[in-house]
Each structure stands twice: as C-alpha cells, then as structure tokens.
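What follows is a single structure, written as structure tokens, with notes after it.
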Amino acid sequence: MPESKPRKRASTAAPAVKSSQPKPNPVWYKPVMFGLMIIGLLWIITFYISMSTLPVAAWGSWNILVGFGIAIVGFLMTTRWR
C-alpha cells in the first residue's frame, strides 16, 4: 500500500522586522560631550577668579553666557547619548 507524502508545514517564524534599535554613538561623542561641559565650567570659574579680566576682557559679563552656552551644548548632547 502506498504511503502518502507528509504535508509541508507553513513557516511559524515571524517575518524579519527591521530593528528599531538606534545605532551606538561614535567613539568621539562621549569625550566631546564631557569636554564641553568641563570647558564651560572652567570658562565660568576663570571669569570669576580673574575678576572679569579673563578669558576675554572685552566681553565683560557676556563671558558668563558664553561659559553657560558651552556647558549647555554638552548637556544637550547627553539627550542623544546611547
């Protein structure tokens, strides 16, 4: 008596889904991020210690804004850090 052929089962594996996981950051990202935060802090500290004569005497109190701006760019980079 002839045997029947077994049926082919449908594949139970889910179709390949594109990974939504973000790529890791480049190697330079973390040093630049922390570097900007430290440079901003050092800029403000230098301004206060030198009694408004350094880092740029002509800018006067704008040196505080520049220091905070540099540090804020570093802190904003932390939102993209993976």
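Residue names in the structure tokens use chain letters A, B, ... in the order shown, residue numbers from 1 in each chain, and ligand numbers from 1 in the order shown.
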
Please identify all polymer residues within 12 Å of Ile70 in chain A, counting only C-alpha atoms, omitting same-chain residues fewer than 6 positions from it, and present them as a count of residues only. 17

Would you give me, as a PyMOL selection string, the residues in chain A that DSSP reads as helix (DSSP H, G or I)? chain A and resi 29-49+57-59+62-80

Using only C-alpha atoms, the shortest atom-to-atom distance to Phe75 in chain A among A:Lys30, A:Tyr48, A:Val56, A:Glu3 belongs to A:Lys30
